[in-house]
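Enquirer: Contents of query.cif (mmCIF, C-alpha atoms) are below:
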```cif
data_my_file
#
loop_
_atom_site.label_atom_id
_atom_site.label_comp_id
_atom_site.auth_asym_id
_atom_site.auth_seq_id
_atom_site.Cartn_x
_atom_site.Cartn_y
_atom_site.Cartn_z
CA MET A 1 -2.94 32.34 -31.24
CA ALA A 2 -0.60 32.00 -28.26
CA SER A 3 0.91 28.66 -27.36
CA LEU A 4 -1.65 26.26 -25.93
CA ALA A 5 0.71 23.89 -24.14
CA THR A 6 -1.08 24.99 -20.98
CA LEU A 7 -4.51 26.51 -20.44
CA ASP A 8 -5.70 29.19 -18.06
CA ASP A 9 -9.12 29.05 -16.39
CA ALA A 10 -10.72 31.27 -18.99
CA ALA A 11 -9.51 29.07 -21.85
CA ALA A 12 -10.65 25.91 -20.06
CA ASP A 13 -14.10 27.44 -19.50
CA ALA A 14 -14.26 28.49 -23.14
CA ILE A 15 -13.43 24.94 -24.24
CA MET A 16 -16.13 23.47 -22.01
CA ALA A 17 -18.62 25.94 -23.51
CA VAL A 18 -17.62 24.80 -27.01
CA LEU A 19 -18.01 21.13 -26.04
CA ALA A 20 -21.44 21.79 -24.52
CA GLY A 21 -22.54 22.55 -28.08
CA VAL A 22 -21.30 19.25 -29.53
CA PRO A 23 -24.23 16.80 -29.88
CA ASP A 24 -23.97 13.06 -29.36
CA PRO A 25 -24.08 11.50 -32.86
CA GLU A 26 -26.69 8.88 -31.90
CA ILE A 27 -28.86 10.97 -29.56
CA PRO A 28 -28.40 14.50 -30.85
CA VAL A 29 -30.66 16.16 -28.25
CA VAL A 30 -27.95 15.70 -25.63
CA SER A 31 -24.41 17.04 -25.79
CA VAL A 32 -21.27 15.05 -25.17
CA VAL A 33 -20.88 17.04 -21.95
CA ASP A 34 -24.42 16.16 -20.74
CA LEU A 35 -23.69 12.47 -21.37
CA GLY A 36 -20.54 12.57 -19.27
CA ILE A 37 -18.35 11.60 -22.23
CA VAL A 38 -16.22 14.72 -21.67
CA ARG A 39 -14.30 14.00 -18.49
CA GLY A 40 -12.89 17.49 -18.33
CA VAL A 41 -10.22 19.81 -19.61
CA ARG A 42 -6.71 19.38 -18.29
CA ALA A 43 -4.73 22.61 -17.93
CA ASN A 44 -1.17 21.33 -17.96
CA PRO A 45 -0.29 19.84 -20.35
CA ALA A 46 -3.40 20.99 -22.14
CA ALA A 47 -5.82 18.27 -23.24
CA VAL A 48 -9.50 17.50 -23.58
CA LEU A 49 -10.25 14.20 -21.83
CA LEU A 50 -12.88 11.92 -23.36
CA THR A 51 -14.12 8.52 -22.15
CA PRO A 52 -16.05 5.94 -24.20
CA THR A 53 -19.50 4.90 -22.95
CA TYR A 54 -19.22 1.26 -24.06
CA THR A 55 -15.91 -0.30 -25.11
CA GLY A 56 -17.34 -1.28 -28.48
CA CYS A 57 -19.48 1.80 -29.05
CA PRO A 58 -19.13 2.53 -32.78
CA ALA A 59 -19.88 6.22 -32.13
CA THR A 60 -16.61 6.68 -30.23
CA LEU A 61 -14.64 7.68 -33.32
CA ALA A 62 -17.45 9.90 -34.60
CA ILE A 63 -17.58 11.65 -31.22
CA GLU A 64 -13.84 12.25 -31.22
CA ALA A 65 -14.04 13.59 -34.77
CA SER A 66 -16.87 16.01 -33.95
CA VAL A 67 -15.09 17.22 -30.82
CA ARG A 68 -11.94 17.75 -32.89
CA ILE A 69 -13.84 19.79 -35.48
CA ALA A 70 -15.55 21.91 -32.83
CA LEU A 71 -12.23 22.62 -31.10
CA ASP A 72 -10.53 23.51 -34.40
CA LEU A 73 -13.32 25.88 -35.42
CA ALA A 74 -13.12 27.63 -32.04
CA GLY A 75 -9.38 28.17 -32.44
CA PHE A 76 -8.27 25.41 -30.10
CA ASP A 77 -6.63 23.34 -32.83
CA ALA A 78 -3.45 22.97 -30.75
CA VAL A 79 -5.30 21.29 -27.86
CA PRO A 80 -5.01 17.49 -28.13
CA ILE A 81 -7.74 14.97 -27.26
CA GLU A 82 -6.92 12.11 -24.91
CA THR A 83 -9.01 9.02 -24.20
CA VAL A 84 -9.22 7.89 -20.57
CA LEU A 85 -10.75 4.58 -19.45
CA SER A 86 -10.58 5.00 -15.72
CA PRO A 87 -12.78 5.48 -13.82
CA PRO A 88 -15.16 3.69 -16.22
CA TRP A 89 -18.06 5.70 -17.58
CA SER A 90 -21.28 5.43 -15.63
CA THR A 91 -24.80 6.63 -16.33
CA ASP A 92 -24.54 8.50 -13.00
CA TRP A 93 -22.45 11.02 -14.96
CA ILE A 94 -25.36 12.02 -17.16
CA SER A 95 -26.32 15.53 -16.03
CA ASP A 96 -29.80 16.45 -14.76
CA GLU A 97 -30.22 18.59 -17.85
CA GLY A 98 -29.22 15.60 -19.98
CA ARG A 99 -31.78 13.40 -18.21
CA ARG A 100 -34.52 15.96 -18.83
CA ARG A 101 -33.63 16.18 -22.50
CA LEU A 102 -33.59 12.39 -22.90
CA LEU A 103 -37.07 12.20 -21.36
CA ASP A 104 -38.39 14.94 -23.67
CA TYR A 105 -36.90 13.03 -26.60
CA GLY A 106 -38.82 9.88 -25.63
CA ILE A 107 -35.97 7.97 -24.00
CA ALA A 108 -36.45 6.90 -20.38
CA PRO A 109 -33.35 8.15 -18.54
CA PRO A 110 -31.44 5.78 -16.26
CA PRO A 111 -32.07 5.96 -12.50
CA LYS A 112 -29.43 7.79 -10.55
CA GLY A 113 -27.60 5.63 -8.06
CA GLU A 114 -29.79 3.12 -6.27
CA GLY A 115 -32.97 5.16 -6.47
CA SER A 116 -36.42 4.21 -7.75
CA ARG A 117 -36.62 0.50 -7.13
CA SER A 118 -39.72 -1.60 -6.66
CA LEU A 119 -40.26 -3.90 -3.66
CA ARG A 120 -38.80 -6.76 -5.68
CA GLY A 121 -35.58 -4.81 -6.08
CA GLU A 122 -36.09 -4.08 -9.76
CA ASP A 123 -35.90 -0.68 -11.35
CA LEU A 124 -39.21 1.07 -11.80
CA VAL A 125 -39.20 2.45 -15.32
CA ALA A 126 -41.65 5.20 -16.16
CA CYS A 127 -42.93 5.43 -19.72
CA PRO A 128 -41.55 8.67 -21.23
CA ARG A 129 -44.88 9.18 -23.00
CA CYS A 130 -47.54 8.62 -20.33
CA ALA A 131 -45.42 8.24 -17.15
CA SER A 132 -47.00 4.88 -16.28
CA THR A 133 -44.65 2.51 -14.45
CA ASP A 134 -46.57 -0.50 -15.78
CA THR A 135 -43.77 -1.22 -18.24
CA VAL A 136 -41.90 -4.29 -19.41
CA GLU A 137 -38.51 -4.95 -20.98
CA VAL A 138 -38.83 -6.30 -24.52
CA SER A 139 -35.14 -6.56 -25.31
CA ARG A 140 -32.13 -5.84 -23.16
CA PHE A 141 -30.21 -4.61 -26.19
CA GLY A 142 -31.81 -1.94 -28.33
CA SER A 143 -30.87 0.27 -31.21
CA THR A 144 -27.54 1.28 -29.66
CA PRO A 145 -25.35 -0.38 -27.00
CA CYS A 146 -26.51 2.09 -24.35
CA LYS A 147 -30.26 1.54 -24.81
CA ALA A 148 -32.75 -1.25 -24.10
CA LEU A 149 -36.14 -1.67 -25.74
CA TRP A 150 -39.19 -1.43 -23.44
CA ARG A 151 -42.95 -1.39 -23.84
CA CYS A 152 -45.57 0.49 -21.85
CA ARG A 153 -48.62 -1.53 -20.84
CA GLY A 154 -50.49 1.70 -20.09
CA CYS A 155 -50.36 3.44 -23.46
CA LEU A 156 -49.13 0.32 -25.34
CA GLU A 157 -46.28 2.26 -26.97
CA PRO A 158 -42.73 0.91 -27.23
CA PHE A 159 -39.89 3.13 -26.00
CA ASP A 160 -36.12 3.20 -25.58
CA ARG A 161 -34.62 3.14 -22.14
CA PHE A 162 -31.12 4.37 -21.42
CA LYS A 163 -29.56 1.42 -19.60
CA CYS A 164 -28.23 1.91 -16.10
CA HIS A 165 -24.53 1.23 -16.44
CA MET B 1 9.80 -7.51 -13.00
CA THR B 2 7.20 -8.86 -15.40
CA ASP B 3 8.61 -10.76 -18.34
CA ARG B 4 7.61 -8.86 -21.46
CA ALA B 5 7.07 -11.95 -23.64
CA SER B 6 4.86 -13.60 -21.00
CA LEU B 7 2.72 -10.51 -20.54
CA PHE B 8 2.38 -10.18 -24.32
CA ASP B 9 1.24 -13.80 -24.54
CA TYR B 10 -1.25 -13.35 -21.71
CA LEU B 11 -2.76 -10.27 -23.34
CA LEU B 12 -3.12 -12.18 -26.61
CA ARG B 13 -5.00 -14.93 -24.76
CA LEU B 14 -7.40 -12.38 -23.27
CA GLY B 15 -7.74 -10.31 -26.43
CA ASP B 16 -8.06 -13.22 -28.85
CA ASP B 17 -10.86 -14.82 -26.79
CA SER B 18 -12.85 -11.60 -27.20
CA LEU B 19 -11.92 -11.02 -30.83
CA ILE B 20 -12.76 -14.47 -32.12
CA LEU B 21 -16.05 -14.78 -30.26
CA GLY B 22 -16.98 -11.25 -31.34
CA GLN B 23 -16.33 -12.22 -34.96
CA ARG B 24 -18.37 -15.42 -34.60
CA LEU B 25 -21.34 -13.51 -33.19
CA THR B 26 -21.38 -11.09 -36.10
CA GLU B 27 -22.27 -14.07 -38.32
CA TRP B 28 -25.73 -14.03 -36.69
CA CYS B 29 -26.38 -10.47 -37.81
CA GLY B 30 -29.59 -10.61 -39.84
CA HIS B 31 -30.10 -14.35 -39.18
CA ALA B 32 -31.17 -14.66 -35.53
CA PRO B 33 -34.64 -16.07 -34.74
CA ALA B 34 -36.13 -12.68 -33.79
CA LEU B 35 -35.17 -9.05 -34.18
CA GLU B 36 -34.54 -8.53 -30.46
CA ILE B 37 -32.02 -11.34 -30.11
CA ASP B 38 -30.47 -10.38 -33.44
CA LEU B 39 -29.75 -6.94 -31.96
CA SER B 40 -28.55 -8.51 -28.74
CA LEU B 41 -26.05 -10.84 -30.39
CA ALA B 42 -24.74 -8.01 -32.56
CA ASN B 43 -24.32 -5.83 -29.47
CA LEU B 44 -22.50 -8.60 -27.63
CA GLY B 45 -20.19 -9.00 -30.60
CA LEU B 46 -19.58 -5.27 -30.62
CA ASP B 47 -18.68 -5.24 -26.91
CA LEU B 48 -16.31 -8.18 -27.40
CA ILE B 49 -14.58 -6.55 -30.36
CA GLY B 50 -14.28 -3.37 -28.26
CA GLN B 51 -12.56 -5.38 -25.52
CA ALA B 52 -10.29 -6.97 -28.11
CA THR B 53 -9.29 -3.55 -29.44
CA LEU B 54 -8.19 -2.38 -25.99
CA LEU B 55 -6.46 -5.64 -25.04
CA LEU B 56 -4.64 -6.13 -28.35
CA ASN B 57 -3.56 -2.48 -28.49
CA LEU B 58 -2.06 -2.99 -25.05
CA ALA B 59 -0.44 -6.25 -26.21
CA GLY B 60 1.16 -4.32 -29.07
CA GLU B 61 2.44 -1.67 -26.64
CA VAL B 62 3.93 -4.33 -24.39
CA GLU B 63 5.54 -6.13 -27.32
CA ALA B 64 7.03 -2.80 -28.52
CA LYS B 65 7.64 -3.95 -32.08
CA GLY B 66 5.38 -1.41 -33.71
CA ARG B 67 2.28 -3.62 -33.97
CA ASP B 68 -1.08 -2.20 -32.88
CA GLY B 69 -4.38 -3.99 -32.27
CA ASP B 70 -5.34 -3.99 -35.95
CA LYS B 71 -1.99 -5.38 -36.99
CA LEU B 72 -2.30 -8.16 -34.42
CA ALA B 73 -5.88 -8.97 -35.38
CA PHE B 74 -5.44 -8.98 -39.14
CA HIS B 75 -1.83 -9.97 -39.75
CA ARG B 76 -1.29 -13.07 -37.65
CA ASP B 77 -2.01 -16.58 -38.83
CA VAL B 78 -3.69 -19.48 -37.02
CA LEU B 79 -0.63 -20.69 -35.12
CA GLN B 80 -0.08 -17.25 -33.57
CA PHE B 81 -3.60 -17.00 -32.13
CA ARG B 82 -3.96 -17.71 -28.42
CA ASN B 83 -7.73 -17.93 -27.96
CA CYS B 84 -9.41 -20.92 -26.34
CA LEU B 85 -11.02 -23.53 -28.59
CA LEU B 86 -14.52 -22.77 -27.28
CA VAL B 87 -14.80 -19.37 -28.97
CA GLU B 88 -13.67 -20.47 -32.44
CA GLN B 89 -16.26 -23.24 -32.83
CA PRO B 90 -18.94 -22.65 -35.46
CA ASN B 91 -22.21 -21.15 -34.26
CA GLY B 92 -24.25 -24.29 -34.90
CA ASP B 93 -27.95 -23.78 -34.25
CA PHE B 94 -29.27 -21.01 -32.02
CA ALA B 95 -29.22 -23.23 -28.90
CA GLN B 96 -25.56 -24.07 -29.50
CA THR B 97 -24.71 -20.39 -29.82
CA ILE B 98 -26.53 -19.70 -26.55
CA ALA B 99 -24.76 -22.63 -24.84
CA ARG B 100 -21.35 -21.33 -25.94
CA GLN B 101 -22.22 -17.77 -24.89
CA PHE B 102 -23.50 -18.88 -21.51
CA LEU B 103 -20.37 -20.91 -20.76
CA PHE B 104 -17.98 -18.24 -22.03
CA SER B 105 -19.65 -15.19 -20.48
CA THR B 106 -20.03 -16.93 -17.12
CA PHE B 107 -16.31 -17.69 -17.22
CA GLN B 108 -15.31 -14.27 -18.53
CA LEU B 109 -17.34 -12.46 -15.89
CA ALA B 110 -15.48 -14.28 -13.09
CA GLN B 111 -12.16 -13.71 -14.85
CA PHE B 112 -12.67 -9.99 -15.47
CA GLU B 113 -14.07 -9.39 -11.97
CA ALA B 114 -10.83 -10.82 -10.59
CA LEU B 115 -8.67 -8.91 -13.09
CA THR B 116 -10.05 -5.55 -11.92
CA GLY B 117 -7.63 -6.11 -9.01
CA SER B 118 -4.64 -6.79 -11.30
CA SER B 119 -1.35 -5.25 -10.23
CA ASP B 120 -1.00 -4.01 -13.82
CA PRO B 121 -3.11 -0.83 -13.79
CA ARG B 122 -3.73 -1.04 -17.54
CA ILE B 123 -5.30 -4.49 -17.25
CA ALA B 124 -7.27 -3.39 -14.18
CA GLU B 125 -8.58 -0.35 -16.05
CA ILE B 126 -9.66 -2.25 -19.18
CA THR B 127 -11.38 -5.04 -17.27
CA ALA B 128 -13.12 -2.59 -14.89
CA LYS B 129 -14.63 -0.99 -17.98
CA ALA B 130 -15.53 -4.26 -19.71
CA VAL B 131 -16.88 -6.13 -16.69
CA LYS B 132 -19.98 -3.94 -16.60
CA GLU B 133 -20.81 -5.09 -20.12
CA VAL B 134 -19.92 -8.74 -19.54
CA ARG B 135 -22.38 -8.84 -16.63
CA TYR B 136 -25.12 -8.10 -19.17
CA HIS B 137 -23.84 -10.80 -21.52
CA ALA B 138 -23.87 -13.43 -18.77
CA GLU B 139 -27.39 -12.48 -17.70
CA LEU B 140 -28.73 -12.46 -21.24
CA ALA B 141 -27.25 -15.87 -22.04
CA ALA B 142 -28.50 -17.36 -18.76
CA ASP B 143 -32.02 -16.05 -19.45
CA TRP B 144 -31.97 -17.76 -22.84
CA VAL B 145 -30.69 -21.04 -21.41
CA VAL B 146 -33.71 -20.99 -19.09
CA ARG B 147 -36.09 -19.98 -21.87
CA LEU B 148 -34.94 -22.73 -24.24
CA GLY B 149 -34.36 -25.35 -21.54
CA ASP B 150 -37.76 -24.76 -19.98
CA GLY B 151 -39.49 -24.26 -23.36
CA THR B 152 -40.78 -26.79 -25.90
CA ASP B 153 -39.54 -30.37 -26.26
CA GLU B 154 -37.65 -29.25 -29.34
CA SER B 155 -35.93 -26.25 -27.72
CA ARG B 156 -35.13 -28.31 -24.65
CA SER B 157 -33.49 -31.15 -26.57
CA ARG B 158 -31.46 -28.67 -28.64
CA MET B 159 -30.33 -26.85 -25.50
CA ILE B 160 -29.21 -30.15 -23.96
CA ASP B 161 -27.32 -31.06 -27.14
CA GLY B 162 -25.70 -27.62 -27.29
CA LEU B 163 -24.43 -27.78 -23.73
CA ASP B 164 -23.22 -31.37 -24.20
CA TRP B 165 -21.26 -30.37 -27.28
CA PHE B 166 -19.58 -27.31 -25.81
CA TRP B 167 -18.89 -28.82 -22.42
CA ARG B 168 -15.77 -30.52 -23.82
CA PHE B 169 -14.18 -27.07 -24.28
CA VAL B 170 -14.82 -25.85 -20.72
CA GLY B 171 -11.79 -27.46 -19.09
CA GLU B 172 -9.40 -25.39 -21.19
CA LEU B 173 -10.85 -22.14 -19.80
CA PHE B 174 -9.48 -22.98 -16.36
CA GLU B 175 -6.17 -24.47 -17.50
CA MET B 176 -3.02 -22.92 -15.98
CA ASP B 177 0.51 -23.10 -17.39
CA ALA B 178 3.98 -21.81 -16.44
CA ILE B 179 3.41 -18.43 -18.14
CA GLU B 180 0.26 -17.64 -16.20
CA THR B 181 1.48 -19.13 -12.94
CA ALA B 182 4.39 -16.68 -13.00
CA LEU B 183 2.06 -13.78 -13.80
CA VAL B 184 -0.31 -14.81 -11.00
CA ALA B 185 2.60 -14.73 -8.55
CA GLU B 186 3.17 -11.09 -9.50
CA GLY B 187 -0.51 -10.25 -9.15
CA VAL B 188 -0.84 -9.43 -12.85
CA ALA B 189 -2.95 -12.41 -13.94
CA VAL B 190 -5.77 -14.28 -12.24
CA ASP B 191 -5.52 -17.91 -11.18
CA ARG B 192 -7.95 -19.54 -13.62
CA ALA B 193 -8.12 -22.77 -11.65
CA ALA B 194 -9.40 -20.85 -8.63
CA LEU B 195 -12.38 -19.60 -10.65
CA ARG B 196 -13.70 -23.09 -11.40
CA ALA B 197 -15.76 -23.65 -8.26
CA GLY B 198 -17.67 -20.39 -8.66
CA PHE B 199 -18.26 -21.16 -12.33
CA ASP B 200 -19.62 -24.63 -11.58
CA ALA B 201 -21.95 -23.26 -8.90
CA ARG B 202 -23.30 -20.58 -11.23
CA VAL B 203 -23.81 -23.02 -14.12
CA GLU B 204 -25.55 -25.50 -11.84
CA ALA B 205 -27.90 -22.80 -10.51
CA VAL B 206 -28.95 -21.73 -14.01
CA LEU B 207 -29.37 -25.31 -15.24
CA ALA B 208 -31.57 -26.03 -12.21
CA ARG B 209 -33.73 -23.01 -13.08
CA ALA B 210 -33.97 -24.32 -16.64
CA SER B 211 -34.73 -27.84 -15.33
CA LEU B 212 -31.84 -29.09 -17.45
CA PRO B 213 -29.55 -32.01 -16.54
CA SER B 214 -25.86 -31.35 -15.92
CA PRO B 215 -23.88 -32.04 -19.09
CA VAL B 216 -22.19 -35.40 -19.33
CA TYR B 217 -18.48 -34.79 -18.95
CA PRO B 218 -16.70 -35.84 -22.13
CA ARG B 219 -12.93 -35.92 -22.51
CA GLY B 220 -11.79 -32.29 -22.59
CA ILE B 221 -10.01 -30.81 -25.58
CA LYS B 222 -7.37 -28.10 -25.32
CA GLY B 223 -4.48 -26.54 -27.21
CA GLY B 224 -5.68 -23.04 -28.16
CA ARG B 225 -3.40 -21.26 -25.68
CA VAL B 226 -0.32 -22.59 -27.47
CA GLY B 227 -1.69 -22.12 -30.98
CA HIS B 228 -3.02 -25.64 -31.62
CA HIS B 229 -6.44 -24.79 -33.01
CA SER B 230 -9.32 -26.63 -34.62
CA GLU B 231 -9.76 -26.43 -38.40
CA HIS B 232 -12.48 -23.81 -37.90
CA LEU B 233 -10.21 -20.93 -36.88
CA GLY B 234 -8.46 -20.81 -40.26
CA HIS B 235 -11.77 -20.41 -42.07
CA LEU B 236 -12.85 -17.67 -39.68
CA LEU B 237 -9.56 -15.80 -40.14
CA ALA B 238 -9.76 -16.12 -43.92
CA GLN B 239 -13.03 -14.22 -43.83
CA MET B 240 -12.05 -11.74 -41.11
CA GLN B 241 -8.61 -10.93 -42.53
CA TYR B 242 -9.37 -10.93 -46.24
CA LEU B 243 -9.87 -7.21 -46.73
CA PRO B 244 -6.92 -5.83 -44.74
CA ARG B 245 -4.64 -8.46 -46.29
CA ALA B 246 -5.78 -7.86 -49.86
CA TYR B 247 -5.70 -4.05 -49.45
CA PRO B 248 -3.10 -3.40 -46.73
CA ASP B 249 -3.43 0.38 -46.79
CA ALA B 250 -7.23 0.53 -46.90
CA VAL B 251 -8.74 3.03 -44.49
CA TRP B 252 -12.33 4.11 -43.83
#
```
Please go through the file and, once you have read it, give me the structure as structure tokens.

Expert:
Amino acid sequence: MASLATLDDAAADAIMAVLAGVPDPEIPVVSVVDLGIVRGVRANPAAVLLTPTYTGCPATLAIEASVRIALDLAGFDAVPIETVLSPPWSTDWISDEGRRRLLDYGIAPPPKGEGSRSLRGEDLVACPRCASTDTVEVSRFGSTPCKALWRCRGCLEPFDRFKCH
Amino acid sequence: MTDRASLFDYLLRLGDDSLILGQRLTEWCGHAPALEIDLSLANLGLDLIGQATLLLNLAGEVEAKGRDGDKLAFHRDVLQFRNCLLVEQPNGDFAQTIARQFLFSTFQLAQFEALTGSSDPRIAEITAKAVKEVRYHAELAADWVVRLGDGTDESRSRMIDGLDWFWRFVGELFEMDAIETALVAEGVAVDRAALRAGFDARVEAVLARASLPSPVYPRGIKGGRVGHHSEHLGHLLAQMQYLPRAYPDAVW
């Protein structure tokens, strides 16, 4: 394979297509691209730019490892991975496709921007199962740093909510 | 031109605060009163250890003697730690842990908010990332102060005792010295003393919501920033550092 110190548009597109197939280790229905963890592909000098969701997210290393493996298998083993902190990751970077997949999976996606607030200024959270907004937060911290635990008073089921961040 | 040794020391102060409190919180894992708060405290600890990783890695870069965050966390002894005394104190009962968390997170939120404007872009970047998490910590701890303070007679008296105990370590959080004064002049650090009024107002507002009295002000204790720690830090380090010291080349 030719030197990959720099990338042309076709190579960058090919890399993004590879990354779109890399699942998040904790929520495998969404890819690392859908979650906004991949910040992009830099052409010169070539690099894949990743950003952590939470500073202490234990999946960060697993994500980097799975991205590395996917790149290697696709022949991009010479392209390095760089971690960028700024601008800090935000749930606004989760794609519409990613939001739809989270909902199908039973995780209430985070609101985009300042949308969907009740009169009291709080987020209205729809139950991913029955769509009722008669829901209540059980615990601000759930099974992973990025999720909170909620309960639906309509269908009485508990559910995870992706925290707005 | 920022003095390298001063910046290194400042980053240790920031990073060690997060590291030591993160380590303390992990002691609750599996022991908290309910599953939800058990998860919460573990997540807080995780966030704090994440901050420590970034800050101590940067400290190692600044020092330029080949030490990274792990080396600094696991291969320094008590006298080289620069954390405040508040974070190294034992967890005590649940109300004491909440009192400590409330005081620390309220302080850290103000500190990190200010540091997002640091003239050192690396510090600005790390704190801009972490401040979003710390906002959650401060809210969570404040909610629990209200819940315990406004709860049963038992929870209320324990909350009062917890705040009274930890209040003696608050003064140190806002203590300035020559190192930080010089860094403030360059826009790198934040003037801790200037954060005190906002902190007091916030604490007072939460205590009012919890119908709790203001803590009686005991004589403050300090010394952590220059390595004069309580006996408790050594015990914590013995546990935290045992594995990497016994097996220096161990990797996952």

Enquirer: May I have the residues within 10 Å of segment 174-191 of chain B as number ranges by chain, using only C-alpha atoms and disregarding those fewer than 4 positions away in the same chain?

Expert: B: 1-3, 5-7, 9-11, 107, 110-121, 123-124, 170, 195-196, 199, 222, 225

Enquirer: Compile the residues of chain A that lie within 7 Å of chain B, evaluated using only C-alpha atoms, and express the compilation as a list in words.

Expert: Thr55, Gly56, Leu85, Ser86, Pro88, Ser139, Phe141, Gly142, Pro145 and His165 of chain A

Enquirer: What do you get, as a ChimeraX atom specification, if you spell out every residue that the PyMOL selection byres ((chain A and resi 75-79) around 9) selects here?

Expert: /A:1,3-6,15,46-48,68-74,80-81

Enquirer: Applying 12 Å and all atoms listed in the file, which residues near Trp144 of chain B remain after dropping the ones on its own chain fewer than 5 positions away? List them as a list in words.

Expert: Ser139 and Arg140 of chain A; Ile37, Ser40, Leu41, Phe94, Ala95, Gln96, Thr97, Ile98, Ala99, Arg100, Gln101, Phe102, His137, Ala138, Glu139, Gly149, Asp150, Gly151, Ser155, Arg156, Met159, Val206, Leu207, Arg209 and Ala210 of chain B

Enquirer: Output the residue selection produced by the PyMOL selection byres ((chain B and resi 236) around 12) on the file above, formatted as a PyMOL selection string.

Expert: chain B and resi 19-27+73-74+77-78+81+87-91+229-235+237-242

Enquirer: The PyMOL selection byres ((chain A and resi 35-39) around 7) - which residues does that actually catch in the file I just gave you? List them as a VMD selection string.

Expert: chain A and resid 30 to 34 40 49 to 53 93 to 95 98

Enquirer: For a test of reading the model, state the distance in Å between atom CA of Ser18 of chain B and atom CA of Ala148 of chain A, rounded to one decimal.

Expert: 22.6 Å

Enquirer: Have a look at atom CA of Gly106 of chain A and atom CA of Val29 of chain A and let me know their distance in Å, one decimal.

Expert: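 Value for the atom CA of Gly106 of chain A-atom CA of Val29 of chain A distance: 10.6 Å.
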
Enquirer: Could you pull the residues within 9 Å of segment 109-112 of chain A, counting only C-alpha atoms, minus those fewer than 3 positions along the same chain, as an mmCIF file with C-alpha atoms, in the frame of the given file?

Expert:
```
data_model
loop_
_atom_site.group_PDB
_atom_site.id
_atom_site.type_symbol
_atom_site.label_atom_id
_atom_site.label_comp_id
_atom_site.auth_asym_id
_atom_site.auth_seq_id
_atom_site.Cartn_x
_atom_site.Cartn_y
_atom_site.Cartn_z
ATOM 1 C CA THR A 91 -24.800 6.630 -16.330
ATOM 2 C CA ASP A 92 -24.540 8.500 -13.000
ATOM 3 C CA TRP A 93 -22.450 11.020 -14.960
ATOM 4 C CA ILE A 94 -25.360 12.020 -17.160
ATOM 5 C CA GLY A 98 -29.220 15.600 -19.980
ATOM 6 C CA ARG A 99 -31.780 13.400 -18.210
ATOM 7 C CA ARG A 100 -34.520 15.960 -18.830
ATOM 8 C CA ARG A 101 -33.630 16.180 -22.500
ATOM 9 C CA LEU A 102 -33.590 12.390 -22.900
ATOM 10 C CA LEU A 103 -37.070 12.200 -21.360
ATOM 11 C CA GLY A 115 -32.970 5.160 -6.470
ATOM 12 C CA SER A 116 -36.420 4.210 -7.750
ATOM 13 C CA ARG A 117 -36.620 0.500 -7.130
ATOM 14 C CA ASP A 123 -35.900 -0.680 -11.350
ATOM 15 C CA LEU A 124 -39.210 1.070 -11.800
ATOM 16 C CA VAL A 125 -39.200 2.450 -15.320
ATOM 17 C CA PRO A 128 -41.550 8.670 -21.230
ATOM 18 C CA ARG A 161 -34.620 3.140 -22.140
ATOM 19 C CA PHE A 162 -31.120 4.370 -21.420
ATOM 20 C CA LYS A 163 -29.560 1.420 -19.600
ATOM 21 C CA CYS A 164 -28.230 1.910 -16.100
ATOM 22 C CA HIS A 165 -24.530 1.230 -16.440
#
```

Enquirer: Enter the distance from atom CA of Gly220 of chain B to atom CA of Ala197 of chain B, in Å, rounded to one decimal.

Expert: 17.2 Å

Enquirer: Nearest to His75 of chain B among B:Leu243, B:Ala194, B:Ala34, B:Val146, with distances taken over all atoms listed in the file: which residue is it?

Expert: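 Smallest separation from His75 of chain B among the options: B:Leu243.
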